[in-house]
$ cat data16.pdb   # PDB, C-alpha atoms
ATOM      1  CA  MET A   1     -22.756  -1.042  32.340  1.00  0.00           C
ATOM      2  CA  LYS A   2     -20.377   1.555  33.813  1.00  0.00           C
ATOM      3  CA  LYS A   3     -17.370  -0.686  33.151  1.00  0.00           C
ATOM      4  CA  THR A   4     -18.393  -1.108  29.511  1.00  0.00           C
ATOM      5  CA  LEU A   5     -18.793   2.649  29.115  1.00  0.00           C
ATOM      6  CA  ILE A   6     -15.383   3.347  30.695  1.00  0.00           C
ATOM      7  CA  VAL A   7     -13.627   0.736  28.532  1.00  0.00           C
ATOM      8  CA  THR A   8     -15.323   2.162  25.426  1.00  0.00           C
ATOM      9  CA  LEU A   9     -14.222   5.695  26.351  1.00  0.00           C
ATOM     10  CA  PHE A  10     -10.600   4.599  26.893  1.00  0.00           C
ATOM     11  CA  LEU A  11     -10.542   2.799  23.555  1.00  0.00           C
ATOM     12  CA  SER A  12     -12.102   5.798  21.818  1.00  0.00           C
ATOM     13  CA  PHE A  13      -9.549   8.201  23.303  1.00  0.00           C
ATOM     14  CA  GLY A  14      -6.756   5.845  22.278  1.00  0.00           C
ATOM     15  CA  ILE A  15      -7.980   5.793  18.699  1.00  0.00           C
ATOM     16  CA  PHE A  16      -8.785   9.503  18.366  1.00  0.00           C
ATOM     17  CA  PHE A  17      -5.731  10.898  20.128  1.00  0.00           C
ATOM     18  CA  SER A  18      -3.035   8.466  19.019  1.00  0.00           C
ATOM     19  CA  GLN A  19      -0.361   9.615  16.591  1.00  0.00           C
ATOM     20  CA  ASN A  20      -1.018   9.013  12.916  1.00  0.00           C
ATOM     21  CA  HIS A  21       1.406   6.879  10.937  1.00  0.00           C
ATOM     22  CA  THR A  22       2.801   8.495   7.812  1.00  0.00           C
ATOM     23  CA  SER A  23       1.694   6.643   4.730  1.00  0.00           C
ATOM     24  CA  ALA A  24       3.780   6.158   1.606  1.00  0.00           C
ATOM     25  CA  LEU A  25       1.512   8.679  -0.130  1.00  0.00           C
ATOM     26  CA  ASN A  26       2.336  11.348   2.480  1.00  0.00           C
ATOM     27  CA  LYS A  27       6.069  10.612   2.180  1.00  0.00           C
ATOM     28  CA  THR A  28       5.851  10.992  -1.586  1.00  0.00           C
ATOM     29  CA  PHE A  29       3.970  14.280  -1.212  1.00  0.00           C
ATOM     30  CA  GLU A  30       6.599  15.586   1.249  1.00  0.00           C
ATOM     31  CA  LEU A  31       9.340  14.554  -1.153  1.00  0.00           C
ATOM     32  CA  GLU A  32       7.926  16.841  -3.798  1.00  0.00           C
ATOM     33  CA  LYS A  33       8.271  19.866  -1.504  1.00  0.00           C
ATOM     34  CA  LYS A  34      11.682  21.482  -2.018  1.00  0.00           C
ATOM     35  CA  ASP A  35      12.215  22.490   1.626  1.00  0.00           C
ATOM     36  CA  SER A  36      11.624  19.059   3.221  1.00  0.00           C
ATOM     37  CA  LEU A  37      14.302  18.073   5.711  1.00  0.00           C
ATOM     38  CA  TYR A  38      14.616  14.479   6.897  1.00  0.00           C
ATOM     39  CA  GLN A  39      16.176  12.765   9.899  1.00  0.00           C
ATOM     40  CA  ASP A  40      15.318   9.296   8.626  1.00  0.00           C
ATOM     41  CA  ALA A  41      15.747   7.862   5.142  1.00  0.00           C
ATOM     42  CA  ASP A  42      15.885   4.566   3.274  1.00  0.00           C
ATOM     43  CA  GLU A  43      19.626   5.146   2.772  1.00  0.00           C
ATOM     44  CA  LEU A  44      21.534   7.455   5.114  1.00  0.00           C
ATOM     45  CA  PRO A  45      24.070   9.929   3.715  1.00  0.00           C
ATOM     46  CA  VAL A  46      27.584   8.528   3.387  1.00  0.00           C
ATOM     47  CA  TYR A  47      30.857  10.396   3.809  1.00  0.00           C
ATOM     48  CA  PRO A  48      33.599   9.125   1.445  1.00  0.00           C
ATOM     49  CA  GLY A  49      35.194   6.252   3.358  1.00  0.00           C
ATOM     50  CA  GLY A  50      32.289   5.971   5.807  1.00  0.00           C
ATOM     51  CA  ILE A  51      31.387   7.497   9.162  1.00  0.00           C
ATOM     52  CA  ASN A  52      34.713   6.501  10.740  1.00  0.00           C
ATOM     53  CA  ALA A  53      36.561   8.448   8.039  1.00  0.00           C
ATOM     54  CA  PHE A  54      34.350  11.449   8.828  1.00  0.00           C
ATOM     55  CA  ARG A  55      35.117  11.161  12.555  1.00  0.00           C
ATOM     56  CA  ASN A  56      38.856  10.788  11.894  1.00  0.00           C
ATOM     57  CA  ASN A  57      38.917  13.823   9.600  1.00  0.00           C
ATOM     58  CA  PHE A  58      36.945  15.828  12.144  1.00  0.00           C
ATOM     59  CA  ALA A  59      39.419  14.848  14.874  1.00  0.00           C
ATOM     60  CA  LYS A  60      42.346  15.899  12.647  1.00  0.00           C
ATOM     61  CA  THR A  61      40.867  19.325  11.873  1.00  0.00           C
ATOM     62  CA  PHE A  62      39.528  20.000  15.392  1.00  0.00           C
ATOM     63  CA  ASN A  63      42.044  21.941  17.510  1.00  0.00           C
ATOM     64  CA  SER A  64      41.215  21.389  21.179  1.00  0.00           C
ATOM     65  CA  SER A  65      43.916  23.869  22.284  1.00  0.00           C
ATOM     66  CA  LYS A  66      41.585  26.677  21.128  1.00  0.00           C
ATOM     67  CA  ILE A  67      38.940  25.688  23.697  1.00  0.00           C
ATOM     68  CA  ASN A  68      38.703  27.682  26.913  1.00  0.00           C
ATOM     69  CA  ALA A  69      37.166  25.218  29.362  1.00  0.00           C
ATOM     70  CA  ASN A  70      37.674  23.443  32.629  1.00  0.00           C
ATOM     71  CA  GLY A  71      35.807  20.199  33.166  1.00  0.00           C
ATOM     72  CA  LEU A  72      33.214  18.775  30.815  1.00  0.00           C
ATOM     73  CA  ALA A  73      32.291  20.767  27.702  1.00  0.00           C
ATOM     74  CA  LYS A  74      29.468  19.610  25.425  1.00  0.00           C
ATOM     75  CA  SER A  75      28.322  20.874  22.046  1.00  0.00           C
ATOM     76  CA  GLU A  76      26.286  19.539  19.178  1.00  0.00           C
ATOM     77  CA  ALA A  77      26.765  20.328  15.515  1.00  0.00           C
ATOM     78  CA  ARG A  78      23.724  20.153  13.271  1.00  0.00           C
ATOM     79  CA  PHE A  79      24.050  20.552   9.555  1.00  0.00           C
ATOM     80  CA  VAL A  80      22.187  19.688   6.403  1.00  0.00           C
ATOM     81  CA  ILE A  81      23.527  17.346   3.782  1.00  0.00           C
ATOM     82  CA  SER A  82      21.827  18.550   0.614  1.00  0.00           C
ATOM     83  CA  GLU A  83      20.418  16.481  -2.241  1.00  0.00           C
ATOM     84  CA  GLU A  84      23.742  17.097  -3.991  1.00  0.00           C
ATOM     85  CA  GLY A  85      25.765  15.835  -0.985  1.00  0.00           C
ATOM     86  CA  ILE A  86      26.994  19.263   0.104  1.00  0.00           C
ATOM     87  CA  ILE A  87      27.136  20.393   3.760  1.00  0.00           C
ATOM     88  CA  THR A  88      24.966  23.482   4.355  1.00  0.00           C
ATOM     89  CA  ASP A  89      23.243  25.293   7.232  1.00  0.00           C
ATOM     90  CA  ILE A  90      25.754  24.546   9.997  1.00  0.00           C
ATOM     91  CA  VAL A  91      24.405  25.283  13.482  1.00  0.00           C
ATOM     92  CA  ILE A  92      26.329  24.592  16.686  1.00  0.00           C
ATOM     93  CA  ILE A  93      24.504  24.299  20.006  1.00  0.00           C
ATOM     94  CA  GLY A  94      26.345  24.345  23.313  1.00  0.00           C
ATOM     95  CA  GLU A  95      27.234  26.528  26.286  1.00  0.00           C
ATOM     96  CA  ASN A  96      30.967  26.841  25.573  1.00  0.00           C
ATOM     97  CA  LYS A  97      31.385  29.492  22.870  1.00  0.00           C
ATOM     98  CA  SER A  98      35.021  28.637  22.110  1.00  0.00           C
ATOM     99  CA  MET A  99      34.112  24.981  21.554  1.00  0.00           C
ATOM    100  CA  ASN A 100      31.154  25.963  19.375  1.00  0.00           C
ATOM    101  CA  LYS A 101      33.389  28.215  17.282  1.00  0.00           C
ATOM    102  CA  GLU A 102      36.035  25.505  16.818  1.00  0.00           C
ATOM    103  CA  MET A 103      33.433  22.891  15.884  1.00  0.00           C
ATOM    104  CA  GLU A 104      31.987  25.250  13.277  1.00  0.00           C
ATOM    105  CA  ARG A 105      35.446  26.014  11.872  1.00  0.00           C
ATOM    106  CA  SER A 106      36.295  22.334  11.681  1.00  0.00           C
ATOM    107  CA  ILE A 107      33.060  21.344   9.937  1.00  0.00           C
ATOM    108  CA  LYS A 108      33.340  24.262   7.505  1.00  0.00           C
ATOM    109  CA  SER A 109      36.861  23.131   6.589  1.00  0.00           C
ATOM    110  CA  MET A 110      35.460  19.637   5.894  1.00  0.00           C
ATOM    111  CA  SER A 111      32.480  20.946   3.921  1.00  0.00           C
ATOM    112  CA  LYS A 112      34.464  20.867   0.679  1.00  0.00           C
ATOM    113  CA  THR A 113      34.153  17.064   0.693  1.00  0.00           C
ATOM    114  CA  LYS A 114      31.036  15.854  -1.079  1.00  0.00           C
ATOM    115  CA  TRP A 115      28.859  13.192   0.591  1.00  0.00           C
ATOM    116  CA  LYS A 116      26.647  10.588  -1.038  1.00  0.00           C
ATOM    117  CA  PRO A 117      23.204  12.089  -0.234  1.00  0.00           C
ATOM    118  CA  ALA A 118      20.426  10.408   1.742  1.00  0.00           C
ATOM    119  CA  ILE A 119      17.878   8.517  -0.357  1.00  0.00           C
ATOM    120  CA  LEU A 120      14.153   8.300   0.357  1.00  0.00           C
ATOM    121  CA  ASN A 121      11.775   6.549  -2.030  1.00  0.00           C
ATOM    122  CA  GLY A 122      14.540   6.368  -4.620  1.00  0.00           C
ATOM    123  CA  LYS A 123      15.230  10.117  -4.622  1.00  0.00           C
ATOM    124  CA  PRO A 124      18.007  12.143  -2.944  1.00  0.00           C
ATOM    125  CA  VAL A 125      16.736  14.301  -0.048  1.00  0.00           C
ATOM    126  CA  LYS A 126      18.027  16.895   2.399  1.00  0.00           C
ATOM    127  CA  TYR A 127      19.143  15.205   5.605  1.00  0.00           C
ATOM    128  CA  LEU A 128      19.712  16.719   9.050  1.00  0.00           C
ATOM    129  CA  PHE A 129      22.967  15.326  10.440  1.00  0.00           C
ATOM    130  CA  ARG A 130      23.777  15.644  14.150  1.00  0.00           C
ATOM    131  CA  LEU A 131      27.253  15.382  15.662  1.00  0.00           C
ATOM    132  CA  PRO A 132      27.351  15.595  19.487  1.00  0.00           C
ATOM    133  CA  ILE A 133      30.750  16.126  21.119  1.00  0.00           C
ATOM    134  CA  ALA A 134      31.677  15.962  24.809  1.00  0.00           C
ATOM    135  CA  MET A 135      35.216  16.637  26.011  1.00  0.00           C
ATOM    136  CA  ASN A 136      36.784  16.749  29.447  1.00  0.00           C
ATOM    137  CA  PHE A 137      39.362  19.502  30.033  1.00  0.00           C
ATOM    138  CA  HIS A 138      41.818  19.580  32.936  1.00  0.00           C
ATOM    139  CA  ASN A 139      44.075  22.483  33.914  1.00  0.00           C
TER     140      ASN A 139
END
$ encode --input "data16.pdb" --output "structure tokens"
Amino acid sequence: MKKTLIVTLFLSFGIFFSQNHTSALNKTFELEKKDSLYQDADELPVYPGGINAFRNNFAKTFNSSKINANGLAKSEARFVISEEGIITDIVIIGENKSMNKEMERSIKSMSKTKWKPAILNGKPVKYLFRLPIAMNFHN
């Protein structure tokens, strides 16, 4: 009897405290809110020429000589690609301020290029794009 009770309790906790799956109805409701920001979509945003073109253009505009560092420096750029395909809300996270500043400058200089926006349920949505960078500097 005790074993049955324990198994029933474990199953109950699993059902009551498990994460809920988002239904298509919830996704549609979220789509209607103007401020929704997504990290997953049916179609990801596309830079003209693809992600490799984006990386190459970033590498061309990024000036590593402006970075004051010795050893490994890491930063992450986060920005929104709007429903219109425009880069907005650039935020750089990292300990090295000179690297953060150069990443922001580089992304801002590339923000004139329009992306194909992310698509969810057939509609363009705001998408949070993340670009982590790690560089090793030697003096």
$ residues_near_point --input "data16.pdb" --point "(37.3, 15.9, 9.6)" --cutoff "12 Å" --atoms "only C-alpha atoms" --output "list in words"
Tyr47, Pro48, Gly49, Gly50, Ile51, Asn52, Ala53, Phe54, Arg55, Asn56, Asn57, Phe58, Ala59, Lys60, Thr61, Phe62, Asn63, Met103, Glu104, Arg105, Ser106, Ile107, Lys108, Ser109, Met110, Ser111, Lys112, Thr113 and Leu131 of chain A
$ residues_around --input "data16.pdb" --residues "Gly85 of chain A" --least-positions-apart "5" --cutoff "8 Å" --atoms "all atoms listed in the file" --output "MDAnalysis selection string"
chainID A and resid 45 114:117
$ closest_residue --input "data16.pdb" --among "A:Ala118, A:Tyr127, A:Met99, A:Met135" --to "Glu43 of chain A" --atoms "only C-alpha atoms"
A:Ala118
$ residues_near_point --input "data16.pdb" --point "(23.4, 19.6, 5.5)" --cutoff "7 Å" --atoms "only C-alpha atoms" --output "ChimeraX atom specification"
/A:79-82,86-89,126-129
$ axis_aligned_box --input "data16.pdb" --around "segment 64-81 of chain A" --padding-each-side "3 Å" --output "lines of an AutoDock Vina configuration file"
center_x = 33.1
center_y = 22.5
center_z = 18.5
size_x = 27.7
size_y = 16.3
size_z = 35.4
$ resolve_selection --input "data16.pdb" --expression "the PyMOL selection byres ((chain A and resi 66) around 9)" --output "list in words"
Asn63, Ser64, Ser65, Ile67, Asn68, Ser98, Met99 and Glu102 of chain A
$ residues_around --input "data16.pdb" --residues "Phe137 of chain A" --least-positions-apart "2" --cutoff "8 Å" --atoms "all atoms listed in the file" --output "VMD selection string"
chain A and resid 69 to 73 135 139
$ closest_residue --input "data16.pdb" --among "A:Asn100, A:Arg130, A:Ile90, A:Lys123" --to "Ser75 of chain A" --atoms "all atoms listed in the file"
A:Asn100
$ closest_residue --input "data16.pdb" --among "A:Ala77, A:Val125, A:Leu120, A:Val91" --to "Asp42 of chain A" --atoms "all atoms listed in the file"
A:Leu120
$ closest_residue --input "data16.pdb" --among "A:Leu37, A:Asn96, A:Glu83, A:Glu76" --to "Ile119 of chain A" --atoms "only C-alpha atoms"
A:Glu83
$ decode --input "data16.pdb" --residues "segment 31-68 of chain A" --atoms "N, CA, C and O atoms" --output "tab-separated table (two decimals), in the first residue's frame"
chain	number	residue	atom	x	y	z
A	31	LEU	N	1.70	36.32	-30.71
A	31	LEU	CA	2.01	37.02	-31.95
A	31	LEU	C	1.27	38.34	-32.05
A	31	LEU	O	1.78	39.30	-32.62
A	32	GLU	N	0.07	38.38	-31.51
A	32	GLU	CA	-0.74	39.58	-31.62
A	32	GLU	C	-0.24	40.70	-30.71
A	32	GLU	O	-0.56	41.86	-30.92
A	33	LYS	N	0.58	40.36	-29.70
A	33	LYS	CA	1.15	41.38	-28.83
A	33	LYS	C	2.32	42.03	-29.57
A	33	LYS	O	3.18	41.35	-30.11
A	34	LYS	N	2.37	43.34	-29.57
A	34	LYS	CA	3.39	44.07	-30.33
A	34	LYS	C	4.80	43.88	-29.77
A	34	LYS	O	5.77	43.93	-30.50
A	35	ASP	N	4.94	43.68	-28.46
A	35	ASP	CA	6.26	43.66	-27.84
A	35	ASP	C	6.83	42.25	-27.70
A	35	ASP	O	7.82	42.06	-27.01
A	36	SER	N	6.25	41.24	-28.34
A	36	SER	CA	6.77	39.88	-28.24
A	36	SER	C	8.14	39.81	-28.90
A	36	SER	O	8.36	40.37	-29.97
A	37	LEU	N	9.04	39.08	-28.25
A	37	LEU	CA	10.39	38.90	-28.75
A	37	LEU	C	10.67	37.41	-28.76
A	37	LEU	O	10.46	36.74	-27.75
A	38	TYR	N	11.14	36.88	-29.87
A	38	TYR	CA	11.30	35.44	-30.02
A	38	TYR	C	12.77	35.06	-30.19
A	38	TYR	O	13.56	35.82	-30.73
A	39	GLN	N	13.10	33.86	-29.71
A	39	GLN	CA	14.41	33.27	-29.92
A	39	GLN	C	14.30	32.01	-30.76
A	39	GLN	O	15.29	31.35	-31.03
A	40	ASP	N	13.08	31.68	-31.15
A	40	ASP	CA	12.82	30.52	-31.98
A	40	ASP	C	11.70	30.92	-32.94
A	40	ASP	O	10.80	31.66	-32.57
A	41	ALA	N	11.77	30.46	-34.16
A	41	ALA	CA	10.76	30.81	-35.16
A	41	ALA	C	10.70	29.72	-36.20
A	41	ALA	O	11.60	28.87	-36.29
A	42	ASP	N	9.65	29.73	-37.00
A	42	ASP	CA	9.51	28.77	-38.10
A	42	ASP	C	10.62	29.00	-39.13
A	42	ASP	O	11.20	28.06	-39.65
A	43	GLU	N	10.89	30.28	-39.42
A	43	GLU	CA	11.98	30.66	-40.31
A	43	GLU	C	12.84	31.69	-39.59
A	43	GLU	O	12.33	32.72	-39.15
A	44	LEU	N	14.12	31.41	-39.45
A	44	LEU	CA	15.04	32.33	-38.78
A	44	LEU	C	15.31	33.54	-39.66
A	44	LEU	O	15.18	33.46	-40.89
A	45	PRO	N	15.73	34.66	-39.06
A	45	PRO	CA	16.07	35.82	-39.88
A	45	PRO	C	17.28	35.51	-40.76
A	45	PRO	O	18.14	34.70	-40.37
A	46	VAL	N	17.34	36.15	-41.92
A	46	VAL	CA	18.42	35.88	-42.87
A	46	VAL	C	19.08	37.19	-43.28
A	46	VAL	O	18.42	38.11	-43.75
A	47	TYR	N	20.39	37.24	-43.08
A	47	TYR	CA	21.19	38.36	-43.57
A	47	TYR	C	21.39	38.17	-45.07
A	47	TYR	O	21.54	37.04	-45.53
A	48	PRO	N	21.40	39.25	-45.87
A	48	PRO	CA	21.61	39.09	-47.31
A	48	PRO	C	22.92	38.33	-47.59
A	48	PRO	O	23.98	38.75	-47.13
A	49	GLY	N	22.81	37.20	-48.24
A	49	GLY	CA	23.99	36.37	-48.51
A	49	GLY	C	24.18	35.27	-47.48
A	49	GLY	O	25.07	34.45	-47.60
A	50	GLY	N	23.37	35.28	-46.42
A	50	GLY	CA	23.45	34.22	-45.41
A	50	GLY	C	24.30	34.59	-44.20
A	50	GLY	O	24.90	35.66	-44.13
A	51	ILE	N	24.35	33.67	-43.25
A	51	ILE	CA	25.07	33.91	-41.99
A	51	ILE	C	26.57	34.06	-42.21
A	51	ILE	O	27.23	34.84	-41.51
A	52	ASN	N	27.13	33.35	-43.19
A	52	ASN	CA	28.57	33.49	-43.46
A	52	ASN	C	28.89	34.89	-43.99
A	52	ASN	O	29.94	35.45	-43.65
A	53	ALA	N	28.00	35.46	-44.77
A	53	ALA	CA	28.20	36.83	-45.25
A	53	ALA	C	28.16	37.80	-44.08
A	53	ALA	O	28.94	38.75	-44.02
A	54	PHE	N	27.25	37.55	-43.12
A	54	PHE	CA	27.18	38.39	-41.92
A	54	PHE	C	28.49	38.31	-41.14
A	54	PHE	O	29.05	39.33	-40.74
A	55	ARG	N	28.96	37.09	-40.92
A	55	ARG	CA	30.23	36.91	-40.17
A	55	ARG	C	31.40	37.58	-40.89
A	55	ARG	O	32.24	38.20	-40.25
A	56	ASN	N	31.47	37.42	-42.21
A	56	ASN	CA	32.55	38.05	-42.97
A	56	ASN	C	32.50	39.56	-42.89
A	56	ASN	O	33.53	40.22	-42.71
A	57	ASN	N	31.30	40.13	-43.00
A	57	ASN	CA	31.16	41.59	-42.91
A	57	ASN	C	31.50	42.08	-41.50
A	57	ASN	O	32.11	43.13	-41.33
A	58	PHE	N	31.11	41.30	-40.50
A	58	PHE	CA	31.46	41.67	-39.13
A	58	PHE	C	32.97	41.67	-38.96
A	58	PHE	O	33.54	42.60	-38.39
A	59	ALA	N	33.63	40.63	-39.46
A	59	ALA	CA	35.09	40.53	-39.36
A	59	ALA	C	35.78	41.69	-40.08
A	59	ALA	O	36.81	42.19	-39.61
A	60	LYS	N	35.23	42.13	-41.19
A	60	LYS	CA	35.81	43.26	-41.94
A	60	LYS	C	35.67	44.58	-41.19
A	60	LYS	O	36.56	45.43	-41.23
A	61	THR	N	34.54	44.77	-40.50
A	61	THR	CA	34.31	46.04	-39.81
A	61	THR	C	34.90	46.06	-38.41
A	61	THR	O	35.13	47.13	-37.85
A	62	PHE	N	35.15	44.89	-37.83
A	62	PHE	CA	35.68	44.79	-36.47
A	62	PHE	C	37.18	45.07	-36.49
A	62	PHE	O	37.94	44.43	-37.21
A	63	ASN	N	37.62	46.04	-35.68
A	63	ASN	CA	39.03	46.42	-35.62
A	63	ASN	C	39.62	45.94	-34.30
A	63	ASN	O	39.49	46.61	-33.27
A	64	SER	N	40.30	44.81	-34.34
A	64	SER	CA	40.84	44.22	-33.11
A	64	SER	C	41.99	45.04	-32.51
A	64	SER	O	42.32	44.88	-31.33
A	65	SER	N	42.59	45.95	-33.28
A	65	SER	CA	43.67	46.78	-32.73
A	65	SER	C	43.15	47.78	-31.70
A	65	SER	O	43.93	48.35	-30.95
A	66	LYS	N	41.85	48.00	-31.64
A	66	LYS	CA	41.25	48.91	-30.66
A	66	LYS	C	40.98	48.23	-29.32
A	66	LYS	O	40.52	48.87	-28.39
A	67	ILE	N	41.27	46.95	-29.22
A	67	ILE	CA	40.97	46.19	-28.00
A	67	ILE	C	42.19	46.18	-27.08
A	67	ILE	O	43.29	45.84	-27.49
A	68	ASN	N	41.96	46.59	-25.84
A	68	ASN	CA	43.00	46.54	-24.82
A	68	ASN	C	42.81	45.27	-24.00
A	68	ASN	O	41.98	45.22	-23.11
